[in-house]
$ cat data.json   # JSON, C-alpha atoms
[["chain", "number", "residue", "atom", "x", "y", "z"],
["X", 1, "GLU", "CA", 145.45, 218.40, -43.43],
["X", 2, "ASP", "CA", 148.98, 218.36, -42.07],
["X", 3, "LYS", "CA", 149.83, 221.20, -44.46],
["X", 4, "ASP", "CA", 150.50, 224.92, -44.11],
["X", 5, "ASP", "CA", 149.47, 227.87, -46.28],
["X", 6, "ASP", "CA", 145.99, 226.45, -46.99],
["X", 7, "GLU", "CA", 147.38, 223.70, -49.24],
["X", 8, "GLY", "CA", 145.08, 221.03, -47.84],
["X", 9, "ALA", "CA", 141.58, 220.73, -46.41],
["X", 10, "THR", "CA", 139.64, 218.00, -44.65],
["X", 11, "GLN", "CA", 135.86, 217.74, -44.66],
["X", 12, "LEU", "CA", 134.43, 216.01, -41.59],
["X", 13, "GLU", "CA", 130.92, 215.36, -40.35],
["X", 14, "ALA", "CA", 130.92, 215.91, -36.59],
["X", 15, "SER", "CA", 128.60, 214.03, -34.26],
["X", 16, "VAL", "CA", 127.37, 214.75, -30.74],
["X", 17, "SER", "CA", 126.73, 212.03, -28.18],
["X", 18, "PRO", "CA", 125.08, 212.27, -24.74],
["X", 19, "THR", "CA", 128.57, 212.10, -23.18],
["X", 20, "THR", "CA", 129.86, 215.14, -25.09],
["X", 21, "SER", "CA", 130.94, 217.67, -22.46],
["X", 22, "SER", "CA", 129.66, 220.62, -24.49],
["X", 23, "LEU", "CA", 126.33, 219.01, -25.37],
["X", 24, "GLY", "CA", 124.47, 221.72, -23.47],
["X", 25, "GLN", "CA", 126.03, 224.52, -25.48],
["X", 26, "VAL", "CA", 125.57, 222.65, -28.77],
["X", 27, "THR", "CA", 121.89, 221.92, -28.24],
["X", 28, "HIS", "CA", 121.34, 225.48, -27.02],
["X", 29, "LEU", "CA", 122.84, 226.97, -30.17],
["X", 30, "HIS", "CA", 121.49, 224.34, -32.58],
["X", 31, "PRO", "CA", 118.30, 222.62, -31.35],
["X", 32, "SER", "CA", 118.61, 219.88, -33.97],
["X", 33, "LEU", "CA", 121.44, 218.35, -35.96],
["X", 34, "PRO", "CA", 121.37, 218.49, -39.78],
["X", 35, "SER", "CA", 119.22, 215.91, -41.55],
["X", 36, "ALA", "CA", 120.72, 213.36, -43.92],
["X", 37, "ASP", "CA", 119.53, 215.46, -46.85],
["X", 38, "ASP", "CA", 121.12, 218.58, -45.38],
["X", 39, "CYS", "CA", 124.41, 216.73, -44.83],
["X", 40, "ALA", "CA", 124.37, 215.50, -48.43],
["X", 41, "PHE", "CA", 123.69, 219.05, -49.68],
["X", 42, "MET", "CA", 126.58, 220.45, -47.63],
["X", 43, "TYR", "CA", 128.91, 217.70, -48.84],
["X", 44, "ARG", "CA", 128.04, 218.39, -52.48],
["X", 45, "TYR", "CA", 128.34, 222.12, -51.96],
["X", 46, "ALA", "CA", 131.76, 221.84, -50.28],
["X", 47, "SER", "CA", 133.05, 219.57, -53.04],
["X", 48, "GLY", "CA", 131.95, 221.93, -55.79],
["X", 49, "TYR", "CA", 133.12, 225.04, -53.93],
["X", 50, "LEU", "CA", 136.63, 223.71, -53.23],
["X", 51, "ARG", "CA", 137.13, 222.18, -56.68],
["X", 52, "ALA", "CA", 136.11, 225.48, -58.25],
["X", 53, "ARG", "CA", 138.82, 227.14, -56.16],
["X", 54, "ASN", "CA", 141.66, 225.00, -57.42],
["X", 55, "TYR", "CA", 141.48, 222.15, -54.89],
["X", 56, "GLU", "CA", 141.65, 218.50, -55.89],
["X", 57, "HIS", "CA", 139.14, 216.23, -54.15],
["X", 58, "TYR", "CA", 141.47, 213.26, -53.92],
["X", 59, "GLU", "CA", 139.78, 211.26, -51.14],
["X", 60, "ILE", "CA", 136.25, 211.21, -49.71],
["X", 61, "SER", "CA", 137.05, 213.80, -47.04],
["X", 62, "SER", "CA", 140.38, 215.19, -48.29],
["X", 63, "TYR", "CA", 141.28, 218.05, -50.62],
["X", 64, "ALA", "CA", 144.65, 219.33, -51.87],
["X", 65, "ARG", "CA", 145.40, 222.75, -53.34],
["X", 66, "ARG", "CA", 146.90, 222.74, -56.84],
["X", 67, "ASP", "CA", 150.00, 224.79, -57.57],
["X", 68, "GLY", "CA", 150.68, 226.92, -60.62],
["X", 69, "ASN", "CA", 151.39, 223.80, -62.67],
["X", 70, "ARG", "CA", 148.07, 222.23, -61.61],
["X", 71, "GLN", "CA", 149.90, 219.73, -59.42],
["X", 72, "PRO", "CA", 147.99, 218.98, -56.18],
["X", 73, "HIS", "CA", 149.80, 219.06, -52.82],
["X", 74, "ARG", "CA", 148.36, 215.85, -51.42],
["X", 75, "SER", "CA", 149.08, 214.88, -47.82],
["X", 76, "LYS", "CA", 151.99, 212.41, -47.87],
["X", 77, "HIS", "CA", 151.00, 211.24, -44.40],
["X", 78, "ASN", "CA", 147.40, 210.35, -45.25],
["X", 79, "GLN", "CA", 148.21, 208.68, -48.55],
["X", 80, "ILE", "CA", 150.13, 205.95, -46.73],
["X", 81, "TYR", "CA", 146.81, 204.68, -45.36],
["X", 82, "TRP", "CA", 145.30, 204.34, -48.83],
["X", 83, "GLU", "CA", 148.26, 202.82, -50.67],
["X", 84, "ILE", "CA", 148.35, 199.11, -51.44],
["X", 85, "GLY", "CA", 150.97, 197.69, -49.09],
["X", 86, "GLY", "CA", 151.19, 200.85, -47.00],
["X", 87, "ASN", "CA", 153.08, 200.40, -43.73],
["X", 88, "TRP", "CA", 152.71, 202.43, -40.54],
["X", 89, "HIS", "CA", 153.21, 202.12, -36.78],
["X", 90, "ALA", "CA", 150.61, 203.70, -34.50],
["X", 91, "ILE", "CA", 150.97, 204.27, -30.75],
["X", 92, "GLY", "CA", 148.26, 205.07, -28.25],
["X", 93, "LEU", "CA", 144.83, 203.96, -27.09],
["X", 94, "GLY", "CA", 143.02, 202.07, -29.85],
["X", 95, "ALA", "CA", 145.73, 202.94, -32.39],
["X", 96, "THR", "CA", 145.96, 200.60, -35.38],
["X", 97, "SER", "CA", 149.28, 199.68, -36.99],
["X", 98, "ASN", "CA", 149.71, 198.02, -40.38],
["X", 99, "VAL", "CA", 153.11, 196.45, -40.99],
["X", 100, "ASN", "CA", 154.07, 193.81, -43.55],
["X", 101, "GLY", "CA", 150.43, 193.04, -44.28],
["X", 102, "ALA", "CA", 149.48, 192.54, -40.61],
["X", 103, "ARG", "CA", 146.99, 194.93, -38.99],
["X", 104, "TYR", "CA", 146.99, 195.23, -35.22],
["X", 105, "SER", "CA", 144.91, 197.40, -32.87],
["X", 106, "ARG", "CA", 146.07, 198.34, -29.39],
["X", 107, "PRO", "CA", 143.60, 198.22, -26.45],
["X", 108, "ARG", "CA", 141.14, 201.13, -26.34],
["X", 109, "ALA", "CA", 140.55, 201.35, -22.58],
["X", 110, "LEU", "CA", 143.32, 202.98, -20.53],
["X", 111, "SER", "CA", 143.35, 200.24, -17.87],
["X", 112, "ASP", "CA", 143.63, 197.54, -20.56],
["X", 113, "TYR", "CA", 146.36, 199.49, -22.34],
["X", 114, "ILE", "CA", 148.43, 199.83, -19.15],
["X", 115, "ARG", "CA", 148.04, 196.11, -18.45],
["X", 116, "TRP", "CA", 148.94, 195.26, -22.06],
["X", 117, "THR", "CA", 152.12, 197.34, -22.05],
["X", 118, "LYS", "CA", 153.14, 195.98, -18.65],
["X", 119, "ASP", "CA", 152.64, 192.37, -19.71],
["X", 120, "LEU", "CA", 154.14, 192.78, -23.18],
["X", 121, "GLY", "CA", 156.96, 190.33, -23.63],
["X", 122, "GLU", "CA", 156.46, 188.80, -20.16],
["X", 123, "ASP", "CA", 153.79, 186.25, -21.03],
["X", 124, "GLY", "CA", 155.27, 183.98, -23.66],
["X", 125, "ASP", "CA", 153.74, 184.59, -27.08],
["X", 126, "SER", "CA", 150.41, 186.00, -25.87],
["X", 127, "ASN", "CA", 151.40, 189.61, -26.57],
["X", 128, "VAL", "CA", 153.79, 189.14, -29.48],
["X", 129, "LEU", "CA", 152.99, 191.66, -32.18],
["X", 130, "PRO", "CA", 151.86, 190.09, -35.48],
["X", 131, "TRP", "CA", 154.66, 191.58, -37.57],
["X", 132, "THR", "CA", 157.32, 190.12, -35.24],
["X", 133, "SER", "CA", 155.85, 186.61, -35.14],
["X", 134, "LYS", "CA", 156.18, 183.73, -37.57],
["X", 135, "VAL", "CA", 153.72, 183.46, -40.43],
["X", 136, "SER", "CA", 150.88, 181.08, -39.66],
["X", 137, "GLU", "CA", 151.05, 177.68, -41.33],
["X", 138, "ASP", "CA", 147.28, 177.24, -41.09],
["X", 139, "SER", "CA", 146.11, 177.37, -44.72],
["X", 140, "ASP", "CA", 142.55, 178.38, -43.75],
["X", 141, "GLN", "CA", 143.86, 181.24, -41.62],
["X", 142, "ILE", "CA", 146.20, 182.37, -44.40],
["X", 143, "ALA", "CA", 143.30, 182.40, -46.88],
["X", 144, "ALA", "CA", 141.12, 184.36, -44.45],
["X", 145, "ASP", "CA", 143.90, 186.90, -43.88],
["X", 146, "GLU", "CA", 144.40, 187.33, -47.63],
["X", 147, "ASN", "CA", 140.68, 187.88, -48.22],
["X", 148, "ASP", "CA", 140.54, 190.40, -45.37],
["X", 149, "ALA", "CA", 143.53, 192.19, -46.88],
["X", 150, "LEU", "CA", 141.74, 192.46, -50.23],
["X", 151, "LEU", "CA", 138.58, 193.82, -48.61],
["X", 152, "ASP", "CA", 140.67, 196.43, -46.86],
["X", 153, "ILE", "CA", 142.33, 197.41, -50.16],
["X", 154, "ILE", "CA", 138.94, 197.73, -51.86],
["X", 155, "LEU", "CA", 137.58, 199.80, -48.97],
["X", 156, "THR", "CA", 140.49, 202.24, -48.91],
["X", 157, "ARG", "CA", 141.10, 202.53, -52.66],
["X", 158, "LEU", "CA", 137.45, 203.21, -53.53],
["X", 159, "ARG", "CA", 137.56, 206.13, -51.10],
["X", 160, "THR", "CA", 140.11, 207.83, -53.36],
["X", 161, "LYS", "CA", 139.89, 209.77, -56.61],
["X", 162, "ASP", "CA", 142.37, 207.33, -58.20],
["X", 163, "GLY", "CA", 140.08, 204.36, -57.50],
["X", 164, "LEU", "CA", 140.70, 200.63, -57.43],
["X", 165, "ASP", "CA", 143.29, 199.04, -59.74],
["X", 166, "LEU", "CA", 141.57, 195.97, -61.23],
["X", 167, "ASP", "CA", 144.70, 194.93, -63.12],
["X", 168, "TRP", "CA", 146.55, 194.56, -59.81],
["X", 169, "ILE", "CA", 143.82, 192.23, -58.56],
["X", 170, "ALA", "CA", 143.67, 190.27, -61.83],
["X", 171, "ASN", "CA", 147.43, 189.70, -61.83],
["X", 172, "HIS", "CA", 147.73, 188.87, -58.14],
["X", 173, "GLU", "CA", 148.53, 185.20, -57.57],
["X", 174, "LYS", "CA", 145.95, 184.91, -54.76],
["X", 175, "TYR", "CA", 143.03, 186.62, -56.50],
["X", 176, "GLY", "CA", 142.70, 186.76, -60.28],
["X", 177, "ASP", "CA", 139.98, 187.36, -62.86],
["X", 178, "SER", "CA", 137.16, 185.83, -60.81],
["X", 179, "TYR", "CA", 137.62, 188.52, -58.17],
["X", 180, "VAL", "CA", 137.64, 191.24, -60.81],
["X", 181, "GLU", "CA", 134.37, 189.96, -62.29],
["X", 182, "ALA", "CA", 132.77, 189.85, -58.83],
["X", 183, "ILE", "CA", 133.82, 193.46, -58.20],
["X", 184, "LYS", "CA", 132.41, 194.57, -61.56],
["X", 185, "LYS", "CA", 129.18, 192.77, -60.79],
["X", 186, "GLY", "CA", 129.05, 194.50, -57.41],
["X", 187, "VAL", "CA", 129.22, 197.97, -58.99],
["X", 188, "GLU", "CA", 127.09, 197.25, -62.07],
["X", 189, "PHE", "CA", 123.90, 198.87, -60.75],
["X", 190, "PHE", "CA", 125.81, 201.92, -59.49],
["X", 191, "GLU", "CA", 127.55, 202.29, -62.85],
["X", 192, "GLU", "CA", 124.14, 202.54, -64.51],
["X", 193, "THR", "CA", 123.17, 205.32, -62.09],
["X", 194, "GLU", "CA", 126.47, 207.13, -62.74],
["X", 195, "LEU", "CA", 127.75, 206.74, -59.19],
["X", 196, "VAL", "CA", 130.63, 204.57, -60.46],
["X", 197, "THR", "CA", 132.79, 204.61, -63.57],
["X", 198, "VAL", "CA", 134.44, 201.43, -64.81],
["X", 199, "SER", "CA", 137.28, 201.85, -67.29],
["X", 200, "PRO", "CA", 139.78, 199.25, -68.51],
["X", 201, "GLY", "CA", 141.61, 198.16, -65.39],
["X", 202, "ARG", "CA", 140.05, 200.58, -62.91],
["X", 203, "VAL", "CA", 136.91, 201.34, -60.88],
["X", 204, "LYS", "CA", 136.23, 204.83, -59.50],
["X", 205, "LEU", "CA", 133.43, 206.43, -57.53],
["X", 206, "SER", "CA", 132.02, 209.67, -58.95],
["X", 207, "ASP", "CA", 132.55, 212.96, -57.16],
["X", 208, "PRO", "CA", 130.57, 213.86, -55.15],
["X", 209, "ASP", "CA", 127.59, 211.48, -55.40],
["X", 210, "GLY", "CA", 129.58, 208.25, -55.66],
["X", 211, "PHE", "CA", 131.51, 209.24, -52.56],
["X", 212, "LEU", "CA", 128.24, 210.00, -50.78],
["X", 213, "PHE", "CA", 126.97, 206.48, -51.46],
["X", 214, "SER", "CA", 130.35, 204.80, -50.91],
["X", 215, "ASN", "CA", 129.13, 202.64, -48.02],
["X", 216, "ASN", "CA", 126.33, 201.17, -50.13],
["X", 217, "ILE", "CA", 128.61, 200.59, -53.11],
["X", 218, "ILE", "CA", 131.42, 198.99, -51.13],
["X", 219, "SER", "CA", 128.99, 196.80, -49.17],
["X", 220, "ASN", "CA", 127.53, 195.53, -52.44],
["X", 221, "VAL", "CA", 131.02, 194.70, -53.74],
["X", 222, "PHE", "CA", 131.79, 192.78, -50.54],
["X", 223, "ALA", "CA", 128.54, 190.82, -50.88],
["X", 224, "GLU", "CA", 129.34, 189.83, -54.48],
["X", 225, "LEU", "CA", 132.85, 188.74, -53.50],
["X", 226, "ASP", "CA", 131.43, 186.65, -50.70],
["X", 227, "ASP", "CA", 128.94, 184.96, -53.06],
["X", 228, "ASP", "CA", 131.13, 184.50, -56.13],
["X", 229, "THR", "CA", 134.58, 183.64, -54.75],
["X", 230, "ASP", "CA", 133.79, 181.03, -52.09]]

$ encode --input "data.json" --output "structure tokens"
Amino acid sequence: EDKDDDEGATQLEASVSPTTSSLGQVTHLHPSLPSADDCAFMYRYASGYLRARNYEHYEISSYARRDGNRQPHRSKHNQIYWEIGGNWHAIGLGATSNVNGARYSRPRALSDYIRWTKDLGEDGDSNVLPWTSKVSEDSDQIAADENDALLDIILTRLRTKDGLDLDWIANHEKYGDSYVEAIKKGVEFFEETELVTVSPGRVKLSDPDGFLFSNNIISNVFAELDDDTD
């Protein structure tokens, strides 16, 4: 994970599509892909194996080796994506940048990308990047952007060992206690099944089972926010 000397590790679940060039070799060697149960077993096994060998499981698919002082060597690059207010520029097909709270994806198809770069700056404001344009004065659009930003923070922070900072949400001028209560309501069932831990000011998913069910947990939080904060 962007580190040398085995200081980091990334756990990925690969997939094979009909367009995969090596599909013939894959299906020849492995007639069937692992079942969901098998994938869950391998995920749990990898988490336990690496943690037992002095790695910190600090994000759903990321591990960092601890040094002699038990300090983990986390990837500085990857942590930018999970920080609140993280900023990065991304270049290339389908690349997503996040700058000053504005997220922007470049075209995925090569022909569209070539046309986009050629027309950039030559067609009035149609291709002006969000972080170089004026802030919208449309109050509804501003509110929608702020809610989307919060959902993105919840999604990324719950993927990490450090979890979601509820105090930050409670003290934010645009959110507040009602959002915190909706989030707690969204994880209540999963807390009872020990997939989530809620401590004063923070929500965390358990390792590894909470991480395994992260999509279900996060979707439930989003649903509660949608119902309770309209």

$ residues_around --input "data.json" --residues "X:Tyr175" --least-positions-apart "3" --cutoff "10 Å" --atoms "only C-alpha atoms" --output "PDB file with C-alpha atoms, in the coordinates of the input"
ATOM      1  CA  GLU X 146     144.400 187.330 -47.630  1.00  0.00           C
ATOM      2  CA  ASN X 147     140.680 187.880 -48.220  1.00  0.00           C
ATOM      3  CA  LEU X 150     141.740 192.460 -50.230  1.00  0.00           C
ATOM      4  CA  TRP X 168     146.550 194.560 -59.810  1.00  0.00           C
ATOM      5  CA  ILE X 169     143.820 192.230 -58.560  1.00  0.00           C
ATOM      6  CA  ALA X 170     143.670 190.270 -61.830  1.00  0.00           C
ATOM      7  CA  ASN X 171     147.430 189.700 -61.830  1.00  0.00           C
ATOM      8  CA  HIS X 172     147.730 188.870 -58.140  1.00  0.00           C
ATOM      9  CA  SER X 178     137.160 185.830 -60.810  1.00  0.00           C
ATOM     10  CA  TYR X 179     137.620 188.520 -58.170  1.00  0.00           C
ATOM     11  CA  VAL X 180     137.640 191.240 -60.810  1.00  0.00           C
ATOM     12  CA  THR X 229     134.580 183.640 -54.750  1.00  0.00           C
TER      13      THR X 229
END

$ atom_distance --input "data.json" --atom1 "atom CA of X:Asn69" --atom2 "atom CA of X:Arg44"
26.0 Å

$ atom_distance --input "data.json" --atom1 "atom CA of X:Val99" --atom2 "atom CA of X:Glu224"
28.1 Å

$ atom_distance --input "data.json" --atom1 "atom CA of X:Gly8" --atom2 "atom CA of X:Tyr55"
8.0 Å

$ residues_around --input "data.json" --residues "X:Leu155" --least-positions-apart "2" --cutoff "12 Å" --atoms "all atoms listed in the file" --output "mmCIF file with C-alpha atoms, in the coordinates of the input"
data_model
loop_
_atom_site.group_PDB
_atom_site.id
_atom_site.type_symbol
_atom_site.label_atom_id
_atom_site.label_comp_id
_atom_site.auth_asym_id
_atom_site.auth_seq_id
_atom_site.Cartn_x
_atom_site.Cartn_y
_atom_site.Cartn_z
ATOM 1 C CA GLU X 59 139.780 211.260 -51.140
ATOM 2 C CA ILE X 60 136.250 211.210 -49.710
ATOM 3 C CA TYR X 81 146.810 204.680 -45.360
ATOM 4 C CA TRP X 82 145.300 204.340 -48.830
ATOM 5 C CA GLU X 83 148.260 202.820 -50.670
ATOM 6 C CA ILE X 84 148.350 199.110 -51.440
ATOM 7 C CA ASP X 148 140.540 190.400 -45.370
ATOM 8 C CA ALA X 149 143.530 192.190 -46.880
ATOM 9 C CA LEU X 150 141.740 192.460 -50.230
ATOM 10 C CA LEU X 151 138.580 193.820 -48.610
ATOM 11 C CA ASP X 152 140.670 196.430 -46.860
ATOM 12 C CA ILE X 153 142.330 197.410 -50.160
ATOM 13 C CA ARG X 157 141.100 202.530 -52.660
ATOM 14 C CA LEU X 158 137.450 203.210 -53.530
ATOM 15 C CA ARG X 159 137.560 206.130 -51.100
ATOM 16 C CA THR X 160 140.110 207.830 -53.360
ATOM 17 C CA GLY X 163 140.080 204.360 -57.500
ATOM 18 C CA LEU X 164 140.700 200.630 -57.430
ATOM 19 C CA ILE X 183 133.820 193.460 -58.200
ATOM 20 C CA LYS X 204 136.230 204.830 -59.500
ATOM 21 C CA LEU X 205 133.430 206.430 -57.530
ATOM 22 C CA PHE X 211 131.510 209.240 -52.560
ATOM 23 C CA SER X 214 130.350 204.800 -50.910
ATOM 24 C CA ASN X 215 129.130 202.640 -48.020
ATOM 25 C CA ASN X 216 126.330 201.170 -50.130
ATOM 26 C CA ILE X 217 128.610 200.590 -53.110
ATOM 27 C CA ILE X 218 131.420 198.990 -51.130
ATOM 28 C CA SER X 219 128.990 196.800 -49.170
ATOM 29 C CA ASN X 220 127.530 195.530 -52.440
ATOM 30 C CA VAL X 221 131.020 194.700 -53.740
ATOM 31 C CA PHE X 222 131.790 192.780 -50.540
#

$ closest_residue --input "data.json" --among "X:Leu120, X:Leu110, X:Ala223, X:Ala46" --to "X:Tyr63" --atoms "only C-alpha atoms"
X:Ala46

$ residues_around --input "data.json" --residues "stretch 207-209 of chain X" --least-positions-apart "4" --cutoff "7 Å" --atoms "only C-alpha atoms" --output "mmCIF file with C-alpha atoms, keeping the file's coordinate frame"
data_model
loop_
_atom_site.group_PDB
_atom_site.id
_atom_site.type_symbol
_atom_site.label_atom_id
_atom_site.label_comp_id
_atom_site.auth_asym_id
_atom_site.auth_seq_id
_atom_site.Cartn_x
_atom_site.Cartn_y
_atom_site.Cartn_z
ATOM 1 C CA ARG X 44 128.040 218.390 -52.480
ATOM 2 C CA SER X 47 133.050 219.570 -53.040
ATOM 3 C CA LEU X 195 127.750 206.740 -59.190
ATOM 4 C CA PHE X 213 126.970 206.480 -51.460
#

$ closest_residue --input "data.json" --among "X:Arg53, X:Thr156, X:Pro107, X:Thr96" --to "X:Gln79" --atoms "all atoms listed in the file"
X:Thr156
